[in-house]
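Notes follow the structure.
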Amino acid sequence: MKAPAARAQKLLSERGIASRRHAESLIAAGRVTSRGRRIAIGEKVAPDAPLEVDGARAAVAIAHRYVLLNKPAGVVSTARDERGRKTVVSLVAARERLYPVGRLDADSEGLLLLTNDGAWAERVLHPRFGHEREYEVEVRPEPAAQQLSLLRRGVRLEEGLAKLYALRVVAPGRLRLILRTGWKRQVRRMFAAVGLRVTRLRRVRLGPLSLGALPVGTWRELTKQEVSVLVRAAGPGIASPGRAPHKGIKR
């Protein structure tokens with residue numbers, strides 16, 4: 001029995017070319033073709049249909065890779081950079097066409113995932129999995145009790161009310177915090193809203209994955225168990241605000 005047709009952006013994602021959202025942008029820009037014919041947004045094609053991006057063939061069968069990188073500061077979280085800056089993909093130097101799962105801004109450090117499995121990346125980032133994001137943050141000036149209280153209550157940003165799931169003072173001007181959302185430059189904007197400037201930001205955990213002792217600028221492959229647990233459906237209460245905070249972090 002012949003497999004049903006699928007949207008071109010879904011196939012590009014499954015073939016490791018880009019996330020589904022980025023694939024839609026490629027199609028909208030007219031960069032995706034099949035047998036010389038330009039593909040339209042929303043168009044369905046056979047699952048084994050030849051697809052080209054900028055004339056380069058998107059292979060039907062692909063070996064998926066899943067990489068955990070300890071991103072250094074000054075490196076951008078993209079596959080390519082128009083300004084010629086070093087990218088996270090260049091640090092891995094893979095033969096496959098990898099791209100980051102989510103982002104850390106150029107000034108931030110720490111745990112970042114890369115893959116060529118677009119469908120997996122979409123699931124990892126989906127809000128229903130409620131993956132915690134844990135950060136070490138250094139700020140100036142040293143936070144006052146009132147500023148910490150405001151952060152714990154929530155800060156109004158453009159996207160809505162941004163809340164810290166947990167917050168602990170480690171040392172003067174050094175904090176550890178947990179988020180459940182990954183809005184653009186969220187931590188920096190939250191601290192700026194209460195009059196604090198982030199001087200260092202390092203992500204140390206994403207869901208069940210910890211950075212551990214992985215040296216800065218190096219990477220490792222995820223295990224099969226780590227790959228599967230990241231997209232395992234969260235049970236009742238996993239993403240609930242009433243869940244006890246991660247060990248070592250206080251509300």
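Here's how to read the names in the structure tokens: chain A, B, ... by the order shown, residue numbers from 1 in each chain, ligand numbers from 1 in the order shown.
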What's around Leu209 in chain A at 10 Å? Count only C-alpha atoms, leave out sequence neighbours fewer than 4 positions away in its own chain, and write the answer as a list of chain:residue names.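 Listing them by chain and then by number gives A:Leu68, A:Leu111, A:Leu113, A:His131, A:Glu132, A:Arg133, A:Val204, A:Arg205, A:Leu222, A:Glu226, A:Val227, A:Val229, A:Leu230.
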Could you please take those selected residues and save N, CA, C and O atoms as a PDB file, in the first residue's frame?
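Wrote selection-v5.pdb, looks like this:
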```pdb
ATOM      1  N   LEU A  68      24.856  17.197  22.151  1.00  0.00           N
ATOM      2  CA  LEU A  68      24.797  18.159  23.253  1.00  0.00           C
ATOM      3  C   LEU A  68      26.113  18.931  23.253  1.00  0.00           C
ATOM      4  O   LEU A  68      27.184  18.352  23.371  1.00  0.00           O
ATOM      5  N   LEU A 111      24.451  24.710  27.788  1.00  0.00           N
ATOM      6  CA  LEU A 111      23.854  23.553  27.125  1.00  0.00           C
ATOM      7  C   LEU A 111      23.010  23.948  25.923  1.00  0.00           C
ATOM      8  O   LEU A 111      22.073  24.731  26.036  1.00  0.00           O
ATOM      9  N   LEU A 113      21.394  21.906  22.266  1.00  0.00           N
ATOM     10  CA  LEU A 113      21.248  20.690  21.477  1.00  0.00           C
ATOM     11  C   LEU A 113      21.321  21.011  19.993  1.00  0.00           C
ATOM     12  O   LEU A 113      20.852  22.061  19.556  1.00  0.00           O
ATOM     13  N   HIS A 131       9.644  21.222  29.554  1.00  0.00           N
ATOM     14  CA  HIS A 131      11.035  21.043  29.967  1.00  0.00           C
ATOM     15  C   HIS A 131      11.545  22.262  30.736  1.00  0.00           C
ATOM     16  O   HIS A 131      11.450  23.395  30.273  1.00  0.00           O
ATOM     17  N   GLU A 132      12.092  22.007  31.924  1.00  0.00           N
ATOM     18  CA  GLU A 132      12.699  23.082  32.692  1.00  0.00           C
ATOM     19  C   GLU A 132      14.013  23.500  32.049  1.00  0.00           C
ATOM     20  O   GLU A 132      14.735  22.690  31.477  1.00  0.00           O
ATOM     21  N   ARG A 133      14.306  24.793  32.155  1.00  0.00           N
ATOM     22  CA  ARG A 133      15.577  25.349  31.699  1.00  0.00           C
ATOM     23  C   ARG A 133      16.249  25.980  32.906  1.00  0.00           C
ATOM     24  O   ARG A 133      15.735  26.944  33.467  1.00  0.00           O
ATOM     25  N   VAL A 204      22.627  25.358  32.338  1.00  0.00           N
ATOM     26  CA  VAL A 204      23.272  24.152  32.860  1.00  0.00           C
ATOM     27  C   VAL A 204      22.387  22.920  32.757  1.00  0.00           C
ATOM     28  O   VAL A 204      22.865  21.798  32.950  1.00  0.00           O
ATOM     29  N   ARG A 205      21.107  23.119  32.457  1.00  0.00           N
ATOM     30  CA  ARG A 205      20.204  21.969  32.365  1.00  0.00           C
ATOM     31  C   ARG A 205      19.038  22.279  31.442  1.00  0.00           C
ATOM     32  O   ARG A 205      18.535  23.395  31.415  1.00  0.00           O
ATOM     33  N   LEU A 222      24.163  12.389  22.261  1.00  0.00           N
ATOM     34  CA  LEU A 222      23.167  11.938  23.223  1.00  0.00           C
ATOM     35  C   LEU A 222      23.046  10.418  23.143  1.00  0.00           C
ATOM     36  O   LEU A 222      23.221   9.821  22.075  1.00  0.00           O
ATOM     37  N   GLU A 226      18.543   9.198  26.269  1.00  0.00           N
ATOM     38  CA  GLU A 226      18.368  10.646  26.360  1.00  0.00           C
ATOM     39  C   GLU A 226      17.524  11.175  25.203  1.00  0.00           C
ATOM     40  O   GLU A 226      16.679  12.061  25.393  1.00  0.00           O
ATOM     41  N   VAL A 227      17.744  10.632  24.014  1.00  0.00           N
ATOM     42  CA  VAL A 227      16.963  11.056  22.846  1.00  0.00           C
ATOM     43  C   VAL A 227      15.491  10.779  23.058  1.00  0.00           C
ATOM     44  O   VAL A 227      14.628  11.625  22.786  1.00  0.00           O
ATOM     45  N   VAL A 229      13.832  10.129  26.013  1.00  0.00           N
ATOM     46  CA  VAL A 229      13.203  10.717  27.195  1.00  0.00           C
ATOM     47  C   VAL A 229      12.827  12.174  26.970  1.00  0.00           C
ATOM     48  O   VAL A 229      11.867  12.689  27.564  1.00  0.00           O
ATOM     49  N   LEU A 230      13.535  12.860  26.087  1.00  0.00           N
ATOM     50  CA  LEU A 230      13.228  14.270  25.827  1.00  0.00           C
ATOM     51  C   LEU A 230      11.882  14.460  25.137  1.00  0.00           C
ATOM     52  O   LEU A 230      11.287  15.532  25.211  1.00  0.00           O
TER      53      LEU A 230
END
```
Mind the document's chain letters and residue numbers, and return as a PyMOL selection string the residues of range 17-238 of chain A that DSSP labels alpha helix (DSSP H). chain A and resi 20-28+88-92+118-125+145-153+186-193+224-229
Would you kindly return, as a ChimeraX atom specification, each protein, DNA or RNA residue with an atom no farther than 8 Å from any atom of range 77-81 of chain A, considering only C-alpha atoms and excluding same-chain residues fewer than 6 positions away? /A:87-90,98-100,103-106
Okay, now the selection with N, CA, C and O atoms, as an mmCIF file, in the first residue's frame?
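Writing the result to part23.cif gives the following:
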```cif
data_model
loop_
_atom_site.group_PDB
_atom_site.id
_atom_site.type_symbol
_atom_site.label_atom_id
_atom_site.label_comp_id
_atom_site.auth_asym_id
_atom_site.auth_seq_id
_atom_site.Cartn_x
_atom_site.Cartn_y
_atom_site.Cartn_z
ATOM 1 N N THR A 87 29.791 29.892 14.337
ATOM 2 C CA THR A 87 28.490 29.317 14.666
ATOM 3 C C THR A 87 28.649 28.043 15.488
ATOM 4 O O THR A 87 29.709 27.408 15.475
ATOM 5 N N VAL A 88 27.571 27.660 16.171
ATOM 6 C CA VAL A 88 27.597 26.428 16.958
ATOM 7 C C VAL A 88 27.804 25.209 16.061
ATOM 8 O O VAL A 88 28.439 24.229 16.465
ATOM 9 N N VAL A 89 27.291 25.264 14.845
ATOM 10 C CA VAL A 89 27.450 24.142 13.914
ATOM 11 C C VAL A 89 28.913 23.955 13.543
ATOM 12 O O VAL A 89 29.409 22.832 13.409
ATOM 13 N N SER A 90 29.642 25.054 13.392
ATOM 14 C CA SER A 90 31.059 24.949 13.032
ATOM 15 C C SER A 90 31.877 24.305 14.149
ATOM 16 O O SER A 90 32.931 23.718 13.893
ATOM 17 N N LEU A 98 23.525 19.753 10.470
ATOM 18 C CA LEU A 98 22.942 19.936 11.792
ATOM 19 C C LEU A 98 22.455 21.375 11.975
ATOM 20 O O LEU A 98 22.936 22.292 11.320
ATOM 21 N N TYR A 99 21.529 21.550 12.899
ATOM 22 C CA TYR A 99 21.076 22.896 13.270
ATOM 23 C C TYR A 99 20.653 22.869 14.732
ATOM 24 O O TYR A 99 20.321 21.808 15.288
ATOM 25 N N PRO A 100 20.677 24.014 15.413
ATOM 26 C CA PRO A 100 20.379 24.043 16.848
ATOM 27 C C PRO A 100 18.903 23.845 17.157
ATOM 28 O O PRO A 100 18.038 24.263 16.396
ATOM 29 N N ARG A 103 17.593 28.204 20.928
ATOM 30 C CA ARG A 103 18.752 29.091 20.809
ATOM 31 C C ARG A 103 19.253 29.551 22.162
ATOM 32 O O ARG A 103 18.515 29.582 23.142
ATOM 33 N N LEU A 104 20.526 29.905 22.172
ATOM 34 C CA LEU A 104 21.128 30.733 23.210
ATOM 35 C C LEU A 104 21.703 31.932 22.476
ATOM 36 O O LEU A 104 22.336 31.766 21.425
ATOM 37 N N ASP A 105 21.499 33.139 23.005
ATOM 38 C CA ASP A 105 22.024 34.294 22.278
ATOM 39 C C ASP A 105 23.549 34.275 22.303
ATOM 40 O O ASP A 105 24.167 33.523 23.058
ATOM 41 N N ALA A 106 24.146 35.086 21.462
ATOM 42 C CA ALA A 106 25.593 35.032 21.248
ATOM 43 C C ALA A 106 26.381 35.220 22.541
ATOM 44 O O ALA A 106 27.448 34.618 22.721
#
```
Just the residues within 9 Å of Arg35 in chain A, please, counting only C-alpha atoms, with nothing from its chain fewer than 3 positions along; format it as an mmCIF file with C-alpha atoms, in the first residue's frame.
```cif
data_model
loop_
_atom_site.group_PDB
_atom_site.id
_atom_site.type_symbol
_atom_site.label_atom_id
_atom_site.label_comp_id
_atom_site.auth_asym_id
_atom_site.auth_seq_id
_atom_site.Cartn_x
_atom_site.Cartn_y
_atom_site.Cartn_z
ATOM 1 C CA ARG A 38 8.674 25.243 -7.387
ATOM 2 C CA ALA A 49 9.325 12.637 -3.846
ATOM 3 C CA PRO A 50 12.627 14.313 -4.795
ATOM 4 C CA LEU A 51 12.985 17.691 -3.065
ATOM 5 C CA GLU A 52 15.720 20.253 -3.671
#
```
Could you name the residues that touch Lys71 in chain A at 6 Å or less, counting only C-alpha atoms, but leaving out those on the same chain fewer than 6 positions away, as a CSV table (one decimal) with C-alpha atoms, in the first residue's frame?
```csv
chain,number,residue,atom,x,y,z
A,109,GLU,CA,26.9,30.0,27.3
A,110,GLY,CA,26.1,26.4,28.2
A,217,GLY,CA,33.4,24.4,23.4
```
Enumerate, in order of chain and increasing residue number, the residues of range 143-168 of chain A with an atom no farther than 12 Å from range 196-199 of chain A, each with its shortest atom pair and distance in Å to one decimal, counting only C-alpha atoms, as a Markdown table.
```
| residue | atom | partner | partner_atom | distance |
| --- | --- | --- | --- | --- |
| A:Pro143 | CA | A:Leu196 | CA | 7.1 |
| A:Ala144 | CA | A:Leu196 | CA | 9.7 |
| A:Gln146 | CA | A:Leu196 | CA | 11.8 |
| A:Gln147 | CA | A:Leu196 | CA | 8.4 |
| A:Leu148 | CA | A:Leu196 | CA | 10.2 |
| A:Leu150 | CA | A:Leu196 | CA | 11.7 |
| A:Leu151 | CA | A:Leu196 | CA | 10.7 |
```
Atoms to include: N, CA, C and O atoms. Write the selected residues as a short mmCIF file (atom, residue, chain, number, x, y, z; two decimals), in the first residue's frame.
```cif
data_model
loop_
_atom_site.label_atom_id
_atom_site.label_comp_id
_atom_site.auth_asym_id
_atom_site.auth_seq_id
_atom_site.Cartn_x
_atom_site.Cartn_y
_atom_site.Cartn_z
N PRO A 143 21.62 42.12 43.61
CA PRO A 143 20.16 42.27 43.73
C PRO A 143 19.71 42.58 45.15
O PRO A 143 20.22 42.01 46.12
N ALA A 144 18.77 43.50 45.26
CA ALA A 144 18.14 43.80 46.54
C ALA A 144 16.97 42.84 46.75
O ALA A 144 16.47 42.23 45.80
N GLN A 146 13.91 43.42 47.31
CA GLN A 146 12.72 43.83 46.56
C GLN A 146 12.80 43.38 45.10
O GLN A 146 11.82 42.94 44.51
N GLN A 147 14.00 43.47 44.52
CA GLN A 147 14.16 43.05 43.12
C GLN A 147 13.96 41.54 42.98
O GLN A 147 13.33 41.07 42.04
N LEU A 148 14.49 40.77 43.94
CA LEU A 148 14.30 39.32 43.91
C LEU A 148 12.83 38.96 44.07
O LEU A 148 12.32 38.04 43.42
N LEU A 150 10.27 40.80 43.14
CA LEU A 150 9.60 41.11 41.87
C LEU A 150 9.82 40.00 40.85
O LEU A 150 8.90 39.60 40.13
N LEU A 151 11.03 39.48 40.78
CA LEU A 151 11.34 38.40 39.84
C LEU A 151 10.55 37.14 40.18
O LEU A 151 10.05 36.44 39.29
#
```
Surrounding residues of Leu26 in chain A excluding itself and chain neighbours under 4 positions, 10 Å, only C-alpha atoms, as a PyMOL selection string: chain A and resi 9+12+18+20-22+30-32+39+41+53-54
Write the residues you've just listed into a file as a PDB file, in the first residue's frame, and include N, CA and C atoms for each of them.
```pdb
ATOM      1  N   GLN A   9       6.911  20.723   3.832  1.00  0.00           N
ATOM      2  CA  GLN A   9       7.686  21.194   4.987  1.00  0.00           C
ATOM      3  C   GLN A   9       7.906  20.078   6.002  1.00  0.00           C
ATOM      4  N   LEU A  12      10.750  17.875   4.568  1.00  0.00           N
ATOM      5  CA  LEU A  12      12.054  18.529   4.719  1.00  0.00           C
ATOM      6  C   LEU A  12      12.552  18.414   6.150  1.00  0.00           C
ATOM      7  N   ALA A  18      15.777  21.151   7.872  1.00  0.00           N
ATOM      8  CA  ALA A  18      15.472  22.297   8.735  1.00  0.00           C
ATOM      9  C   ALA A  18      14.295  21.926   9.615  1.00  0.00           C
ATOM     10  N   ARG A  20      10.471  22.389  10.939  1.00  0.00           N
ATOM     11  CA  ARG A  20       9.299  22.573  10.081  1.00  0.00           C
ATOM     12  C   ARG A  20       9.025  24.058   9.828  1.00  0.00           C
ATOM     13  N   ARG A  21       9.207  24.876  10.846  1.00  0.00           N
ATOM     14  CA  ARG A  21       8.967  26.321  10.683  1.00  0.00           C
ATOM     15  C   ARG A  21       9.949  26.931   9.686  1.00  0.00           C
ATOM     16  N   HIS A  22      11.220  26.547   9.799  1.00  0.00           N
ATOM     17  CA  HIS A  22      12.215  27.071   8.861  1.00  0.00           C
ATOM     18  C   HIS A  22      11.946  26.545   7.461  1.00  0.00           C
ATOM     19  N   GLY A  30      10.517  30.472  -2.140  1.00  0.00           N
ATOM     20  CA  GLY A  30      10.681  29.890  -3.465  1.00  0.00           C
ATOM     21  C   GLY A  30      11.961  29.101  -3.642  1.00  0.00           C
ATOM     22  N   ARG A  31      12.551  28.649  -2.544  1.00  0.00           N
ATOM     23  CA  ARG A  31      13.844  27.976  -2.608  1.00  0.00           C
ATOM     24  C   ARG A  31      13.726  26.450  -2.684  1.00  0.00           C
ATOM     25  N   VAL A  32      12.474  25.938  -2.609  1.00  0.00           N
ATOM     26  CA  VAL A  32      12.267  24.486  -2.617  1.00  0.00           C
ATOM     27  C   VAL A  32      11.599  24.073  -3.925  1.00  0.00           C
ATOM     28  N   ILE A  39       7.791  24.381  -5.291  1.00  0.00           N
ATOM     29  CA  ILE A  39       6.778  23.880  -4.357  1.00  0.00           C
ATOM     30  C   ILE A  39       6.067  25.054  -3.695  1.00  0.00           C
ATOM     31  N   ILE A  41       3.490  26.654  -0.615  1.00  0.00           N
ATOM     32  CA  ILE A  41       3.203  26.474   0.812  1.00  0.00           C
ATOM     33  C   ILE A  41       1.962  25.585   0.970  1.00  0.00           C
ATOM     34  N   VAL A  53      16.587  21.975  -2.229  1.00  0.00           N
ATOM     35  CA  VAL A  53      16.644  23.294  -1.590  1.00  0.00           C
ATOM     36  C   VAL A  53      17.825  24.034  -2.207  1.00  0.00           C
ATOM     37  N   ASP A  54      17.536  25.142  -2.874  1.00  0.00           N
ATOM     38  CA  ASP A  54      18.569  25.896  -3.605  1.00  0.00           C
ATOM     39  C   ASP A  54      19.313  24.988  -4.591  1.00  0.00           C
TER      40      ASP A  54
END
```
Please report the interatomic distance between CA of Asp117 in chain A and CA of Arg202 in chain A in Å with one decimal. 25.2 Å
DSSP strand (DSSP E) residues within range 67-97 of chain A, listed as a PyMOL selection string: chain A and resi 67-71
